[in-house]
Amino acid sequence: MKFFTRKRSAVSAKERLQLVLVHDRTDLTPAQLEALKDDLLKAISQYIDIDREAVQIGLEREGRSQRLVADIPLLITSRRRAG
Amino acid sequence: MTAQVITVTSGKGGVGKTTAVANLATALAADGKKVVCIDGDIGLRNLDVVMGLENRIVYDIVDVIEGRCKLKQAMIRDKHYPEMYLIPAAQTRDKNAVSPSDMVRICNDLRPDADFVIIDSPAGIERGFRNAIAAADRVLVVTNPEVSAVRDADRVVGILEAEEKGSPALILNRLNQALVRNNDMLSAEDVLDLLGIQLIGIVPEDESVIISSNRGAPVVNDPKSRAGQAFRNIAKRIQGQDVPFMDLDLQSGLWGAIQKFAGRK
Ligand SMILES: Nc1ncnc2c1ncn2[C@@H]1O[C@H](COP(=O)(O)OP(=O)(O)OP(=O)(O)O)[C@@H](O)[C@H]1O
Ligand SMILES: [Mg+2]
């Protein structure tokens with residue numbers, strides 16, 4: 001059954017190209033992007049508690065420009081650092 | 001007269017650059033323009049056979065650069081359009097026989113006496129490509145609706161932007177509307193969204209392209225060919241005319257158009 005619900009190939013082509021082009025244009029491999037995310041979260045966590053499960057960081061395209069978009073929800077842990 | 005220099009390039013090989021150059025030049029000549037084509041694919045000369053001029057070659061572009069002939073002597077006049085010329089590539093030399101400044105000089109010499117100079121770039125992003133874009137006022141990037149062709153086109157667009165050649169315009173070649181309808185081929189919208197550049201034309205996959213290249217007569221000469229119509233439209237847009245994009249869904253001419261129009265809203 002699963003065979004018949006397979007994605008049409010044009011959809012796969014577009015999704016794969018979206019990823020490849022972002023990495024080609026930024027000269028950043030997927031592994032480097034993962035490392036960047038880790039470092040970013042480590043740095044932020046030194047100042048504030050974040051909801052690591054809900055974090056979304058990725059490269060987005062807009063026309064011919066790329067941006068690194070991060071959505072990092074914070075945990076409400078009031079006065080954790082007060083003492 | 002001061003010619004506009006247009007380079008047709010692609011990144012990936014075999015996507016239709018030479019076909020586009022031969023057809024756009026012919027369509028411009030048919031519109032009364034004076035056109036000089038330059039085959040920039042040194043060592044893999046092809047534009048001559050696609051234009052049906054292979055038997056007339058005496059000198060080539062490297063002969064001009066190395067001073068064995070005058071520029072005029074290397075310009076082969078077309079069989080049908082006396083205002084269209086080809087400067088052929090050298091077949092037995094490599095790309096290093098030409099430099100970007102050679103191309104700029106040749107184009108500057110051509111500018112006063114032509115309306116358009118159209119350069120056929122080799123595939124790739126190396127020396128031959130650099131030569132081909134050196135003198136360009138405007139660059140057209142050809143791609144096919146396929147993953148590898150689009151990826152390579154994006155690389156070329158990136159290089160052109162980095163070189164401050166401005167944003168090129170896209171020719172999407174070999175679109176198969178039946179496959180697109182079936183969601184088994186990237187659509188023109190998909191490719192434009194991915195590449196983020198302006199569109200100058202969509203050319204359908206069309207067997208008349210192959211038949212006409214067998215004969216050495218560009219497909220724009222065939223009034224019934226859909227690819228020919230698409231190239232004629234691109235030639236009009238190059239001249240600054242606002243030609244609506246062809247509806248590639250139409251397979252049966254006017255009757256189809258009427259039916260389709262009636263069926264819509
Ligand atoms: N719209 C089309 N429909 C059908 N066949 C086509 C179309 N456009 C090009 N072709 C065919 O595709 C092949 C490659 O075309 P062409 O030689 O123009 O590509 P190219 O980009 O110049 O290649 P190269 O990179 O080797 O110089 C040719 O056989 C040509 O006839
Ligand atoms: Mg070619």
# chains A, B, ... in the order shown; residues from 1 in each chain; ligands from 1

$ residues_around --residues "Asp71 of chain A" --least-positions-apart "5" --cutoff "10 Å" --atoms "only C-alpha atoms" --output "PDB file with N, CA and C atoms, in the first residue's frame"
ATOM      1  N   ALA A  54      12.108  22.074  21.561  1.00  0.00           N
ATOM      2  CA  ALA A  54      11.261  22.858  20.651  1.00  0.00           C
ATOM      3  C   ALA A  54      12.056  23.801  19.749  1.00  0.00           C
ATOM      4  N   VAL A  55      13.373  23.759  19.876  1.00  0.00           N
ATOM      5  CA  VAL A  55      14.205  24.671  19.095  1.00  0.00           C
ATOM      6  C   VAL A  55      14.109  24.376  17.597  1.00  0.00           C
ATOM      7  N   GLN A  56      14.000  25.432  16.808  1.00  0.00           N
ATOM      8  CA  GLN A  56      14.041  25.246  15.348  1.00  0.00           C
ATOM      9  C   GLN A  56      15.046  26.221  14.757  1.00  0.00           C
ATOM     10  N   ILE A  57      16.103  25.666  14.170  1.00  0.00           N
ATOM     11  CA  ILE A  57      17.109  26.510  13.528  1.00  0.00           C
ATOM     12  C   ILE A  57      17.346  25.969  12.125  1.00  0.00           C
ATOM     13  N   GLY A  58      17.328  26.839  11.177  1.00  0.00           N
ATOM     14  CA  GLY A  58      17.593  26.358   9.816  1.00  0.00           C
ATOM     15  C   GLY A  58      17.919  27.499   8.875  1.00  0.00           C
TER      16      GLY A  58
END

$ residues_near_ligand --ligand "ligand 2" --cutoff "7 Å" --atoms "only C-alpha atoms and all ligand atoms" --output "MDAnalysis selection string"
chainID B and resid 14 16:18 41 46:47 120 122

$ write_last_selection --atoms "all heavy atoms" --output "short mmCIF file (atom, residue, chain, number, x, y, z; two decimals), in the first residue's frame"
data_model
loop_
_atom_site.label_atom_id
_atom_site.label_comp_id
_atom_site.auth_asym_id
_atom_site.auth_seq_id
_atom_site.Cartn_x
_atom_site.Cartn_y
_atom_site.Cartn_z
N GLY B 14 24.93 20.10 -22.38
CA GLY B 14 23.86 19.42 -23.11
C GLY B 14 22.45 19.89 -22.83
O GLY B 14 21.48 19.21 -23.17
N GLY B 16 21.09 22.75 -23.99
CA GLY B 16 20.48 23.47 -25.12
C GLY B 16 21.05 24.85 -25.41
O GLY B 16 20.39 25.65 -26.09
N LYS B 17 22.26 25.13 -24.96
CA LYS B 17 22.87 26.45 -25.21
C LYS B 17 23.03 26.70 -26.70
O LYS B 17 22.62 27.75 -27.21
CB LYS B 17 24.27 26.55 -24.57
CG LYS B 17 24.29 26.49 -23.07
CD LYS B 17 25.72 26.49 -22.55
CE LYS B 17 26.49 25.23 -22.85
NZ LYS B 17 25.95 24.00 -22.30
N THR B 18 23.66 25.75 -27.39
CA THR B 18 23.95 25.94 -28.81
C THR B 18 22.64 26.06 -29.61
O THR B 18 22.50 26.90 -30.50
CB THR B 18 24.83 24.79 -29.32
OG1 THR B 18 26.03 24.77 -28.54
CG2 THR B 18 25.19 24.95 -30.78
N ASP B 41 32.97 27.69 -27.72
CA ASP B 41 33.31 26.34 -27.25
C ASP B 41 34.54 25.84 -28.01
O ASP B 41 34.44 24.98 -28.89
CB ASP B 41 32.10 25.42 -27.45
CG ASP B 41 32.11 24.22 -26.49
OD1 ASP B 41 33.17 23.99 -25.87
OD2 ASP B 41 31.08 23.55 -26.37
N ASN B 46 30.55 23.47 -32.47
CA ASN B 46 29.23 22.89 -32.73
C ASN B 46 28.25 23.84 -33.41
O ASN B 46 27.37 23.41 -34.15
CB ASN B 46 28.57 22.47 -31.41
CG ASN B 46 28.77 21.01 -31.14
OD1 ASN B 46 28.57 20.56 -30.03
ND2 ASN B 46 29.15 20.24 -32.14
N LEU B 47 28.40 25.11 -33.11
CA LEU B 47 27.41 26.06 -33.61
C LEU B 47 27.37 26.06 -35.14
O LEU B 47 26.31 26.23 -35.75
CB LEU B 47 27.75 27.47 -33.07
CG LEU B 47 26.71 28.56 -33.25
CD1 LEU B 47 25.36 28.15 -32.68
CD2 LEU B 47 27.20 29.85 -32.58
N ASP B 120 28.00 31.73 -27.68
CA ASP B 120 27.67 30.38 -27.20
C ASP B 120 28.78 29.94 -26.24
O ASP B 120 29.91 29.72 -26.65
CB ASP B 120 27.59 29.42 -28.40
CG ASP B 120 27.12 28.03 -28.01
OD1 ASP B 120 26.64 27.85 -26.87
OD2 ASP B 120 27.24 27.12 -28.86
N PRO B 122 30.78 27.44 -23.58
CA PRO B 122 30.90 26.01 -23.30
C PRO B 122 30.28 25.70 -21.94
O PRO B 122 30.04 26.61 -21.15
CB PRO B 122 32.41 25.79 -23.28
CG PRO B 122 33.01 27.11 -22.94
CD PRO B 122 32.06 28.16 -23.47
#

$ residues_near_ligand --ligand "ligand 1" --cutoff "10 Å" --atoms "only C-alpha atoms and all ligand atoms" --output "count of residues only"
57

$ interface_residues --of "chain A" --to "chain B" --cutoff "6 Å" --atoms "only C-alpha atoms" --output "PyMOL selection string"
chain A and resi 8-10+63-64

$ write_last_selection --atoms "N, CA, C and O atoms" --output "PDB file, in the first residue's frame"
ATOM      1  N   ARG A   8       5.115  12.139  -5.384  1.00  0.00           N
ATOM      2  CA  ARG A   8       5.417  12.319  -6.811  1.00  0.00           C
ATOM      3  C   ARG A   8       6.831  12.858  -6.941  1.00  0.00           C
ATOM      4  O   ARG A   8       7.295  13.620  -6.114  1.00  0.00           O
ATOM      5  N   SER A   9       7.470  12.475  -8.032  1.00  0.00           N
ATOM      6  CA  SER A   9       8.907  12.741  -8.122  1.00  0.00           C
ATOM      7  C   SER A   9       9.254  14.220  -8.189  1.00  0.00           C
ATOM      8  O   SER A   9      10.317  14.646  -7.742  1.00  0.00           O
ATOM      9  N   ALA A  10       8.348  15.045  -8.741  1.00  0.00           N
ATOM     10  CA  ALA A  10       8.657  16.474  -8.826  1.00  0.00           C
ATOM     11  C   ALA A  10       8.750  17.088  -7.428  1.00  0.00           C
ATOM     12  O   ALA A  10       9.539  17.998  -7.191  1.00  0.00           O
ATOM     13  N   GLY A  63      14.325  34.457  -2.418  1.00  0.00           N
ATOM     14  CA  GLY A  63      14.918  34.845  -3.695  1.00  0.00           C
ATOM     15  C   GLY A  63      16.314  34.276  -3.778  1.00  0.00           C
ATOM     16  O   GLY A  63      16.497  33.076  -3.636  1.00  0.00           O
ATOM     17  N   ARG A  64      17.321  35.127  -3.964  1.00  0.00           N
ATOM     18  CA  ARG A  64      18.689  34.629  -4.033  1.00  0.00           C
ATOM     19  C   ARG A  64      19.462  34.828  -2.743  1.00  0.00           C
ATOM     20  O   ARG A  64      20.656  34.597  -2.701  1.00  0.00           O
TER      21      ARG A  64
END

$ closest_residue --among "A:Lys7, A:Asp24, A:Leu75, A:Leu17" --to "Asp51 of chain A" --atoms "only C-alpha atoms"
A:Leu75

$ select_by_dssp --residues "segment 34-184 of chain B" --states "strand (DSSP E)" --output "PyMOL selection string"
chain B and resi 35-39+76-77+84-87+116-120+138-143+169-175

$ write_last_selection --atoms "N, CA and C atoms" --output "PDB file, in the first residue's frame"
ATOM      1  N   VAL B  35      23.155  40.387 -36.787  1.00  0.00           N
ATOM      2  CA  VAL B  35      23.551  39.529 -35.675  1.00  0.00           C
ATOM      3  C   VAL B  35      24.873  38.830 -35.979  1.00  0.00           C
ATOM      4  N   VAL B  36      25.772  38.834 -35.023  1.00  0.00           N
ATOM      5  CA  VAL B  36      26.998  38.038 -35.144  1.00  0.00           C
ATOM      6  C   VAL B  36      27.009  37.020 -34.015  1.00  0.00           C
ATOM      7  N   CYS B  37      27.134  35.732 -34.363  1.00  0.00           N
ATOM      8  CA  CYS B  37      27.238  34.683 -33.350  1.00  0.00           C
ATOM      9  C   CYS B  37      28.702  34.318 -33.178  1.00  0.00           C
ATOM     10  N   ILE B  38      29.101  34.068 -31.950  1.00  0.00           N
ATOM     11  CA  ILE B  38      30.459  33.600 -31.697  1.00  0.00           C
ATOM     12  C   ILE B  38      30.369  32.255 -30.998  1.00  0.00           C
ATOM     13  N   ASP B  39      31.030  31.248 -31.573  1.00  0.00           N
ATOM     14  CA  ASP B  39      31.095  29.945 -30.915  1.00  0.00           C
ATOM     15  C   ASP B  39      32.249  29.988 -29.922  1.00  0.00           C
ATOM     16  N   ILE B  76      31.523  34.241 -41.040  1.00  0.00           N
ATOM     17  CA  ILE B  76      30.856  33.489 -42.108  1.00  0.00           C
ATOM     18  C   ILE B  76      29.426  33.983 -42.249  1.00  0.00           C
ATOM     19  N   ARG B  77      29.084  34.361 -43.464  1.00  0.00           N
ATOM     20  CA  ARG B  77      27.733  34.860 -43.707  1.00  0.00           C
ATOM     21  C   ARG B  77      26.747  33.694 -43.786  1.00  0.00           C
ATOM     22  N   MET B  84      23.367  38.016 -40.991  1.00  0.00           N
ATOM     23  CA  MET B  84      23.729  37.156 -39.845  1.00  0.00           C
ATOM     24  C   MET B  84      25.052  36.461 -40.139  1.00  0.00           C
ATOM     25  N   TYR B  85      25.936  36.487 -39.153  1.00  0.00           N
ATOM     26  CA  TYR B  85      27.278  35.914 -39.319  1.00  0.00           C
ATOM     27  C   TYR B  85      27.618  34.987 -38.163  1.00  0.00           C
ATOM     28  N   LEU B  86      28.528  34.066 -38.453  1.00  0.00           N
ATOM     29  CA  LEU B  86      29.072  33.177 -37.402  1.00  0.00           C
ATOM     30  C   LEU B  86      30.592  33.325 -37.374  1.00  0.00           C
ATOM     31  N   ILE B  87      31.131  33.505 -36.181  1.00  0.00           N
ATOM     32  CA  ILE B  87      32.574  33.380 -35.997  1.00  0.00           C
ATOM     33  C   ILE B  87      32.806  32.032 -35.322  1.00  0.00           C
ATOM     34  N   PHE B 116      23.244  42.799 -32.483  1.00  0.00           N
ATOM     35  CA  PHE B 116      23.442  41.824 -31.424  1.00  0.00           C
ATOM     36  C   PHE B 116      24.669  40.958 -31.704  1.00  0.00           C
ATOM     37  N   VAL B 117      25.443  40.710 -30.655  1.00  0.00           N
ATOM     38  CA  VAL B 117      26.494  39.696 -30.703  1.00  0.00           C
ATOM     39  C   VAL B 117      26.059  38.624 -29.705  1.00  0.00           C
ATOM     40  N   ILE B 118      25.957  37.390 -30.174  1.00  0.00           N
ATOM     41  CA  ILE B 118      25.475  36.327 -29.291  1.00  0.00           C
ATOM     42  C   ILE B 118      26.566  35.277 -29.141  1.00  0.00           C
ATOM     43  N   ILE B 119      26.961  35.036 -27.899  1.00  0.00           N
ATOM     44  CA  ILE B 119      28.086  34.142 -27.631  1.00  0.00           C
ATOM     45  C   ILE B 119      27.586  32.825 -27.051  1.00  0.00           C
ATOM     46  N   ASP B 120      28.005  31.731 -27.677  1.00  0.00           N
ATOM     47  CA  ASP B 120      27.672  30.384 -27.197  1.00  0.00           C
ATOM     48  C   ASP B 120      28.776  29.943 -26.245  1.00  0.00           C
ATOM     49  N   ARG B 138      24.672  41.137 -21.183  1.00  0.00           N
ATOM     50  CA  ARG B 138      23.507  40.448 -20.651  1.00  0.00           C
ATOM     51  C   ARG B 138      23.780  38.950 -20.753  1.00  0.00           C
ATOM     52  N   VAL B 139      23.393  38.189 -19.736  1.00  0.00           N
ATOM     53  CA  VAL B 139      23.636  36.754 -19.757  1.00  0.00           C
ATOM     54  C   VAL B 139      22.302  36.014 -19.676  1.00  0.00           C
ATOM     55  N   LEU B 140      22.167  34.997 -20.526  1.00  0.00           N
ATOM     56  CA  LEU B 140      21.002  34.118 -20.468  1.00  0.00           C
ATOM     57  C   LEU B 140      21.484  32.750 -19.980  1.00  0.00           C
ATOM     58  N   VAL B 141      20.855  32.243 -18.946  1.00  0.00           N
ATOM     59  CA  VAL B 141      21.216  30.930 -18.416  1.00  0.00           C
ATOM     60  C   VAL B 141      20.167  29.928 -18.881  1.00  0.00           C
ATOM     61  N   VAL B 142      20.641  28.856 -19.523  1.00  0.00           N
ATOM     62  CA  VAL B 142      19.733  27.812 -19.990  1.00  0.00           C
ATOM     63  C   VAL B 142      19.766  26.671 -18.974  1.00  0.00           C
ATOM     64  N   THR B 143      18.592  26.143 -18.654  1.00  0.00           N
ATOM     65  CA  THR B 143      18.573  24.936 -17.840  1.00  0.00           C
ATOM     66  C   THR B 143      17.437  24.042 -18.304  1.00  0.00           C
ATOM     67  N   ALA B 169      18.988  36.165 -17.016  1.00  0.00           N
ATOM     68  CA  ALA B 169      17.610  35.736 -17.255  1.00  0.00           C
ATOM     69  C   ALA B 169      17.619  34.259 -17.630  1.00  0.00           C
ATOM     70  N   LEU B 170      16.541  33.584 -17.300  1.00  0.00           N
ATOM     71  CA  LEU B 170      16.481  32.133 -17.456  1.00  0.00           C
ATOM     72  C   LEU B 170      15.728  31.703 -18.713  1.00  0.00           C
ATOM     73  N   ILE B 171      16.331  30.753 -19.441  1.00  0.00           N
ATOM     74  CA  ILE B 171      15.603  30.011 -20.481  1.00  0.00           C
ATOM     75  C   ILE B 171      15.411  28.594 -19.944  1.00  0.00           C
ATOM     76  N   LEU B 172      14.171  28.240 -19.719  1.00  0.00           N
ATOM     77  CA  LEU B 172      13.892  26.877 -19.260  1.00  0.00           C
ATOM     78  C   LEU B 172      13.586  26.041 -20.500  1.00  0.00           C
ATOM     79  N   ASN B 173      14.484  25.122 -20.819  1.00  0.00           N
ATOM     80  CA  ASN B 173      14.389  24.362 -22.068  1.00  0.00           C
ATOM     81  C   ASN B 173      13.968  22.920 -21.790  1.00  0.00           C
ATOM     82  N   ARG B 174      13.293  22.342 -22.760  1.00  0.00           N
ATOM     83  CA  ARG B 174      12.874  20.935 -22.742  1.00  0.00           C
ATOM     84  C   ARG B 174      11.823  20.630 -21.679  1.00  0.00           C
ATOM     85  N   LEU B 175      10.940  21.575 -21.458  1.00  0.00           N
ATOM     86  CA  LEU B 175       9.853  21.324 -20.514  1.00  0.00           C
ATOM     87  C   LEU B 175       8.841  20.369 -21.160  1.00  0.00           C
TER      88      LEU B 175
END

$ residues_around --residues "Glu60 of chain A" --least-positions-apart "4" --cutoff "10 Å" --atoms "only C-alpha atoms" --output "PyMOL selection string"
chain A and resi 18-19+22+65-69

$ residues_around --residues "Lys236 of chain B" --least-positions-apart "3" --cutoff "12 Å" --atoms "only C-alpha atoms" --output "number ranges by chain"
B: 24-33, 200-201, 229-233, 239-245

$ write_last_selection --atoms "N, CA, C and O atoms" --output "short mmCIF file (atom, residue, chain, number, x, y, z; two decimals), in the first residue's frame"
data_model
loop_
_atom_site.label_atom_id
_atom_site.label_comp_id
_atom_site.auth_asym_id
_atom_site.auth_seq_id
_atom_site.Cartn_x
_atom_site.Cartn_y
_atom_site.Cartn_z
N LEU B 24 17.92 31.85 -31.50
CA LEU B 24 17.69 33.26 -31.16
C LEU B 24 18.33 34.14 -32.22
O LEU B 24 17.73 35.14 -32.65
N ALA B 25 19.53 33.78 -32.67
CA ALA B 25 20.20 34.58 -33.70
C ALA B 25 19.35 34.59 -34.97
O ALA B 25 19.14 35.65 -35.59
N THR B 26 18.85 33.43 -35.35
CA THR B 26 18.05 33.34 -36.58
C THR B 26 16.76 34.15 -36.44
O THR B 26 16.36 34.86 -37.37
N ALA B 27 16.13 34.06 -35.28
CA ALA B 27 14.89 34.81 -35.08
C ALA B 27 15.16 36.31 -35.11
O ALA B 27 14.37 37.08 -35.67
N LEU B 28 16.27 36.74 -34.53
CA LEU B 28 16.61 38.17 -34.55
C LEU B 28 16.91 38.62 -35.97
O LEU B 28 16.50 39.71 -36.40
N ALA B 29 17.61 37.77 -36.72
CA ALA B 29 17.92 38.10 -38.11
C ALA B 29 16.63 38.19 -38.92
O ALA B 29 16.47 39.08 -39.77
N ALA B 30 15.69 37.27 -38.63
CA ALA B 30 14.41 37.30 -39.34
C ALA B 30 13.63 38.58 -39.02
O ALA B 30 12.81 39.04 -39.82
N ASP B 31 13.88 39.15 -37.85
CA ASP B 31 13.26 40.42 -37.48
C ASP B 31 14.04 41.61 -38.03
O ASP B 31 13.78 42.76 -37.65
N GLY B 32 15.01 41.33 -38.90
CA GLY B 32 15.74 42.41 -39.56
C GLY B 32 16.96 42.92 -38.82
O GLY B 32 17.52 43.96 -39.18
N LYS B 33 17.36 42.22 -37.77
CA LYS B 33 18.52 42.67 -37.00
C LYS B 33 19.81 42.12 -37.58
O LYS B 33 19.82 41.03 -38.17
N ILE B 200 13.01 34.50 -19.07
CA ILE B 200 12.86 35.12 -20.40
C ILE B 200 12.18 34.19 -21.39
O ILE B 200 11.69 34.63 -22.43
N GLY B 201 12.08 32.90 -21.05
CA GLY B 201 11.34 32.02 -21.94
C GLY B 201 11.32 30.56 -21.50
O GLY B 201 12.24 30.10 -20.83
N GLN B 229 8.35 28.57 -31.97
CA GLN B 229 7.54 29.71 -31.50
C GLN B 229 8.12 30.27 -30.19
O GLN B 229 8.23 31.48 -30.01
N ALA B 230 8.52 29.34 -29.31
CA ALA B 230 9.08 29.78 -28.02
C ALA B 230 10.35 30.60 -28.24
O ALA B 230 10.55 31.65 -27.61
N PHE B 231 11.21 30.14 -29.15
CA PHE B 231 12.45 30.90 -29.41
C PHE B 231 12.15 32.24 -30.10
O PHE B 231 12.80 33.24 -29.83
N ARG B 232 11.15 32.26 -30.98
CA ARG B 232 10.78 33.54 -31.60
C ARG B 232 10.30 34.53 -30.53
O ARG B 232 10.63 35.71 -30.58
N ASN B 233 9.54 34.00 -29.56
CA ASN B 233 9.07 34.88 -28.47
C ASN B 233 10.23 35.42 -27.64
O ASN B 233 10.23 36.59 -27.26
N GLN B 239 14.42 41.97 -27.68
CA GLN B 239 14.29 43.28 -28.32
C GLN B 239 13.43 44.24 -27.51
O GLN B 239 13.09 45.32 -27.97
N GLY B 240 13.04 43.79 -26.32
CA GLY B 240 12.31 44.68 -25.43
C GLY B 240 10.80 44.64 -25.58
O GLY B 240 10.09 45.44 -24.98
N GLN B 241 10.30 43.69 -26.38
CA GLN B 241 8.84 43.60 -26.53
C GLN B 241 8.25 42.75 -25.42
O GLN B 241 8.88 41.80 -24.95
N ASP B 242 7.04 43.08 -25.05
CA ASP B 242 6.38 42.38 -23.97
C ASP B 242 5.48 41.30 -24.57
O ASP B 242 4.34 41.55 -24.94
N VAL B 243 6.02 40.10 -24.70
CA VAL B 243 5.27 39.01 -25.32
C VAL B 243 4.77 38.09 -24.21
O VAL B 243 5.56 37.63 -23.39
N PRO B 244 3.47 37.82 -24.18
CA PRO B 244 2.97 36.93 -23.11
C PRO B 244 3.58 35.54 -23.23
O PRO B 244 3.93 35.08 -24.32
N PHE B 245 3.73 34.87 -22.09
CA PHE B 245 4.29 33.52 -22.12
C PHE B 245 3.31 32.55 -22.75
O PHE B 245 2.11 32.66 -22.57
#

$ residues_around --residues "Ala135 of chain B" --least-positions-apart "4" --cutoff "7 Å" --atoms "only C-alpha atoms" --output "list in words"
Val5, Met103, Val104 and Cys107 of chain B

$ closest_residue --among "B:Ala114, B:Leu53, B:Ile42, B:Met75" --to "Ala97 of chain B" --atoms "only C-alpha atoms"
B:Ile42

$ atom_distance --atom1 "atom CA of Pro112 of chain B" --atom2 "atom CA of Lys72 of chain B"
13.2 Å

$ select_by_dssp --residues "segment 7-196 of chain B" --states "helix (DSSP H, G or I)" --output "count of residues only"
85

$ closest_residue --among "B:Ala3, B:Lys70, B:Gly166, B:Val62" --to "Asp113 of chain B" --atoms "only C-alpha atoms"
B:Ala3

$ closest_residue --among "A:Ala13, A:Ile48, A:Arg6, A:Thr29" --to "Ile76 of chain A" --atoms "only C-alpha atoms"
A:Ile48

$ atom_distance --atom1 "atom CA of Ala153 of chain B" --atom2 "atom CA of Pro168 of chain B"
10.4 Å
